[in-house]
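Before any comments, here is the structure.
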Amino acid sequence: MVKFKHQRSKIDALLSSTTSQTKVMITGWLKTRRISKECCFLEMNDGSCLANIQVVVDPNLDNYSMVSKVTNGSALVIQGDLVPSKGKEQQWEIMAHGVEVIHLAPETYPLQKKRHTDEFLRTIAHLRPRTNKYGAMFRIRSAISYAIHSFFNEKGFCYLHTPIITSSDCEGAGQMFQVTTLSFDNSTHHVKNDNDFFGKTVNLTVSGQLSAEMFALALGDVYTFGPTFRAENSNTRRHAAEFWMIEPEMAFCDINECMNLAEEFITYLIHYALTKCKSDMSVFIQYVDPTVESTLNQILSSDFERIPYTEAIDILNHSKEQFEYKTDYGQDLQTEHERYLTEVHFKKPVIVYNYPESIKPFYMRLNNDGKTVAAMDVLVPRIGELIGGSQREERLDVLLQRMEKFGIPQENYWWYLDSRRYGSVPHSGFGLGFERLLMLLTGINNIRDVIPFPRTPGAIEF
Ligand code: 4AD
Ligand code: MG
C-alpha cells in the first residue's frame, strides 16, 4: 500500500517505479459525488493539485450505504487499486477497497458546487483555499516563492533575514505601525517611550533595505524576502497593510545594472509560472482574465522601455487622456499615469528613472544635475508600479546633506553612515511587491485575493 498525492507527476512516478504494486491510499476531501446504476463515483481532492481523482465505489463495499450518501467537504481516507480509467475524463482512477469517513461535513458546508463571488469568499477566507481558484492561487504563490529563491541562488546571491521590529523608517513616509509593550495614554495620545521595552520608539519594518545595504557592502549580492508593514490608509485594490517584498541589494552596481536585474527577474518569474504552474495557471487563463496569458507573453517578448521621469511627464501632458491627478513636473506618478504609460502608450513594461529628488527618499543617489536622483520604478500593465528601486547615495557628504534636508536625525542612523565611512562603493537595489507580482501573473484584480489572510484598513478578521 502506497500513500500518495494524486498529482500527475506523483502518479507517473508511482507507476514507473512499480510493475505490480498499484495498491494505493489517498487522503482528502470530497468535492462531489455521483451515483450511477452500478456504482458510486467520488471526486476526491487532497489539495496537491487542481485535478480531482475519481474513486469508484462498488455497492458490495461493507459501508456502501453510508459512502453513497457522504456529503461534499467530508474528509475521507480511500484505499484501493490505481487502474486505467474506463471514462474519457481521466486517465487513471481508484477502484476502492475501503472508504473511511474521517469526518462527515454537515449540509451547511458553505462551498457547495456553485460559483461564489470573491467578495463572499473573502468573508470565509479560512475556507476559500478549498475552492479550485484559491487552491490554485496559493499553490502558485508557493511555487513562485520557490522560483524567487532559485533565481537568486542561481546567481550566487546570499539570502538575508532582516529585522521585522526596527527603530528606523527606511522610506521616510511615516506610515508605520508602532510596536510597544506599554498601554496607550489617553491624555497624550502617545506612548511614553522611556520605559518601553526597547527604550525608544519602535515600529514594524516598512522595508529591509537599510539592513540589506549593510550586508551587500560585506557579502556583495544579497536579497531579502519577507513581510513588510505599512499603515497607509489607502483602501485600494493594490495596497495591503501587511505584504511581502523581495529586495535584492548589490555592491559595485549602478542603476543600469539594477534595471537589467529587475527586467531579468520579472521575465524569469513569468516564464516560471507559465511553464511550471501550467495546470493551476489554466484556472486564471480560462476563468479569471482571458487576457492574462497574452499580457504575460507580451511582457516576455518585449524589452522593457526605459525613460527618464521628465519624458514620462511629457508623454502624459501630451496625451489626450483626462487624468484625475495633475502631471506637473515634481508630482509623483499616480496609478492612472503608470497604467497609461505601460498599457496605452508603450504597451509593454516601462522603467521610469531619474525622479525629482524631492519626491524620493533620502538614501537615493543625487544625480549630477543636482535636481534628480537615480531612482527607478518598474511599471507593468494592469498593476502600475511593481518595483521601486534606486542607486544608493554612497558619498558621505552628499548623504548627510540629504538627511539634513529631510530632517532625518544623524544619531539614529550612525551605523548606516558608518558604511559610507569604511569602504563605501556604488551600490543599488530594488523592492518588488510579491502580491502585486501575483496579481500580474493571475489576473486577480484585488490584493486581498492573493494573500492568505489579508490585512487592510479596518479588516483583521482571521
Ligand atoms: O517603492 P517602495 O516603497 O520601495 C521600497 O520600499 C524600497 N526600500 C525598496 C528597495 O529599494 N529595496 O516599495 C517597493 C514595492 C512597490 O513597488 C510595490 O510593488 C510594493 O513594494 N508595495 C506594496 N505592495 C502592497 N501593499 C502596499 N501597501 C505596498 N507598498 C509598496
Ligand atoms: Mg515606490
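The way I read the labels, and the way they are meant: chains A, B, ... in the order of the C-alpha cells, residue 1 as the first residue of every chain, and ligand 1 as the first ligand shown, with later ones counted on from there.
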
Compile a residue-level contact table for chain A against ligand 2 at a cut-off of 7 Å, reporting for every qualifying residue the shortest atom pair and its distance in Å to one decimal, with only C-alpha atoms and all ligand atoms counted, rows ordered by chain and ascending number, as CSV.
```
residue,atom,partner,partner_atom_place_in_ligand_line,distance
A:Asp377,CA,ligand 2,1 (Mg),6.7
A:Glu385,CA,ligand 2,1 (Mg),7.0
A:Ile387,CA,ligand 2,1 (Mg),6.8
A:Gly388,CA,ligand 2,1 (Mg),4.4
```

Selected residues written out, N, CA, C and O atoms, as a short mmCIF file (atom, residue, chain, number, x, y, z; two decimals), in the first residue's frame:
```cif
data_model
loop_
_atom_site.label_atom_id
_atom_site.label_comp_id
_atom_site.auth_asym_id
_atom_site.auth_seq_id
_atom_site.Cartn_x
_atom_site.Cartn_y
_atom_site.Cartn_z
N ASP A 377 11.49 53.06 -11.18
CA ASP A 377 10.26 52.32 -10.88
C ASP A 377 9.91 51.48 -12.10
O ASP A 377 9.96 51.99 -13.22
N GLU A 385 2.90 50.35 -10.69
CA GLU A 385 4.22 50.12 -10.08
C GLU A 385 4.34 48.72 -9.47
O GLU A 385 3.60 48.37 -8.56
N ILE A 387 7.80 47.50 -9.06
CA ILE A 387 9.11 47.59 -8.42
C ILE A 387 9.46 49.05 -8.16
O ILE A 387 9.19 49.91 -9.00
N GLY A 388 10.05 49.31 -7.01
CA GLY A 388 10.65 50.61 -6.74
C GLY A 388 12.09 50.36 -6.33
O GLY A 388 12.35 49.49 -5.51
#
```

| Would you name the residues within 7 Å of ligand 1, counting only C-alpha atoms and all ligand atoms, and put them as a PyMOL selection string? | chain A and resi 170-171+206-209+230+232+238-243+245+247-249+377+385-390+429-436

What are the nearest atom pairs, with distances in Å to one decimal, for all residues of stretch 13-96 of chain A that come at most 9 Å from stretch 106-112 of chain A, using only C-alpha atoms, set out by chain and rising residue number as a tab-separated table?
```
residue	atom	partner	partner_atom	distance
A:Lys31	CA	A:Gln112	CA	8.6
A:Thr32	CA	A:Gln112	CA	8.7
A:Thr71	CA	A:Glu107	CA	6.9
A:Asn72	CA	A:Gln112	CA	6.9
A:Gly73	CA	A:Tyr109	CA	6.8
A:Ser74	CA	A:Pro106	CA	8.2
```

Preceding selection exported with C-alpha atoms as a PDB file, in the first residue's frame:
```
ATOM      1  CA  LYS A  31     -15.548  17.587  -3.973  1.00  0.00           C
ATOM      2  CA  THR A  32     -18.665  15.969  -5.450  1.00  0.00           C
ATOM      3  CA  THR A  71     -21.511  14.950   1.816  1.00  0.00           C
ATOM      4  CA  ASN A  72     -19.306  17.489  -0.025  1.00  0.00           C
ATOM      5  CA  GLY A  73     -16.402  18.689   2.074  1.00  0.00           C
ATOM      6  CA  SER A  74     -16.220  15.473   4.117  1.00  0.00           C
TER       7      SER A  74
END
```

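Coordinates place atom CA of A:Tyr355 at a distance of 22.1 Å from atom CA of A:Arg382.
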
Per DSSP on the backbone, what are the alpha helix (DSSP H) residues of stretch 199-328 of chain A, as a ChimeraX atom specification?
-> /A:209-219,255-276,278-283,292-301,309-318

Please provide as a VMD selection string all residues within 10 Å of stretch 159-165 of chain A, with the sequence filter that same-chain residues fewer than 5 positions apart are discarded (counting only C-alpha atoms). chain A and resid 149 152 to 153 177 to 179 202 to 212 215 to 216 221 to 229 247 to 248

Please provide as a PDB file with C-alpha atoms, in the first residue's frame all residues within 6 Å of stretch 42-44 of chain A, with the sequence filter that same-chain residues fewer than 6 positions apart are discarded (counting only C-alpha atoms).
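Output file around_1.pdb is given in full below:
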```pdb
ATOM      1  CA  TRP A  29     -11.869  15.841   0.837  1.00  0.00           C
ATOM      2  CA  LEU A  30     -14.921  15.025  -1.230  1.00  0.00           C
ATOM      3  CA  LYS A  31     -15.548  17.587  -3.973  1.00  0.00           C
ATOM      4  CA  THR A  32     -18.665  15.969  -5.450  1.00  0.00           C
ATOM      5  CA  ARG A  33     -20.371  12.623  -5.580  1.00  0.00           C
ATOM      6  CA  ASN A  52      -9.603  15.710  -8.735  1.00  0.00           C
ATOM      7  CA  ILE A  53      -9.087  11.978  -8.717  1.00  0.00           C
ATOM      8  CA  GLN A  54     -12.086   9.768  -9.308  1.00  0.00           C
ATOM      9  CA  VAL A  55     -12.802   6.970  -6.882  1.00  0.00           C
TER      10      VAL A  55
END
```

Among stretch 89-219 of chain A, which ones does DSSP assign to strand (DSSP E or B) (computed from the backbone)? Answer as a ChimeraX atom specification. /A:92-103,158-159,165-166,178,185,190,203-204

What lies within 10 Å of A:Lys3 using only C-alpha atoms, ignoring chain neighbours under 4 positions off, as a PyMOL selection string?
chain A and resi 23-27+78-79

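Between A:Ser68 and the residues A:Arg139, A:Lys37, A:Arg8, A:Lys86, the shortest atom-to-atom distance, using only C-alpha atoms, involves A:Lys37.
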
Dump as CSV the rows for residues of stretch 280-391 of chain A within 8 Å of stretch 395-417 of chain A: closest atom pair and distance in Å with one decimal, only C-alpha atoms counted, ordered by chain and rising residue number.
```
residue,atom,partner,partner_atom,distance
A:Phe362,CA,A:Arg402,CA,5.7
A:Tyr363,CA,A:Leu399,CA,7.0
A:Leu366,CA,A:Val398,CA,7.7
```

For the selection just defined, write its residues with N, CA, C and O atoms to a file, as a PDB file, in the first residue's frame.
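out-v1.pdb written:
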```
ATOM      1  N   PHE A 362      15.541  59.680   1.173  1.00  0.00           N
ATOM      2  CA  PHE A 362      16.865  60.287   1.406  1.00  0.00           C
ATOM      3  C   PHE A 362      18.035  59.468   0.891  1.00  0.00           C
ATOM      4  O   PHE A 362      19.088  60.009   0.583  1.00  0.00           O
ATOM      5  N   TYR A 363      17.851  58.138   0.809  1.00  0.00           N
ATOM      6  CA  TYR A 363      19.008  57.282   0.504  1.00  0.00           C
ATOM      7  C   TYR A 363      19.334  57.215  -0.990  1.00  0.00           C
ATOM      8  O   TYR A 363      20.312  56.614  -1.388  1.00  0.00           O
ATOM      9  N   LEU A 366      22.019  61.248  -5.537  1.00  0.00           N
ATOM     10  CA  LEU A 366      21.774  62.514  -6.235  1.00  0.00           C
ATOM     11  C   LEU A 366      22.538  62.507  -7.563  1.00  0.00           C
ATOM     12  O   LEU A 366      23.733  62.212  -7.605  1.00  0.00           O
TER      13      LEU A 366
END
```
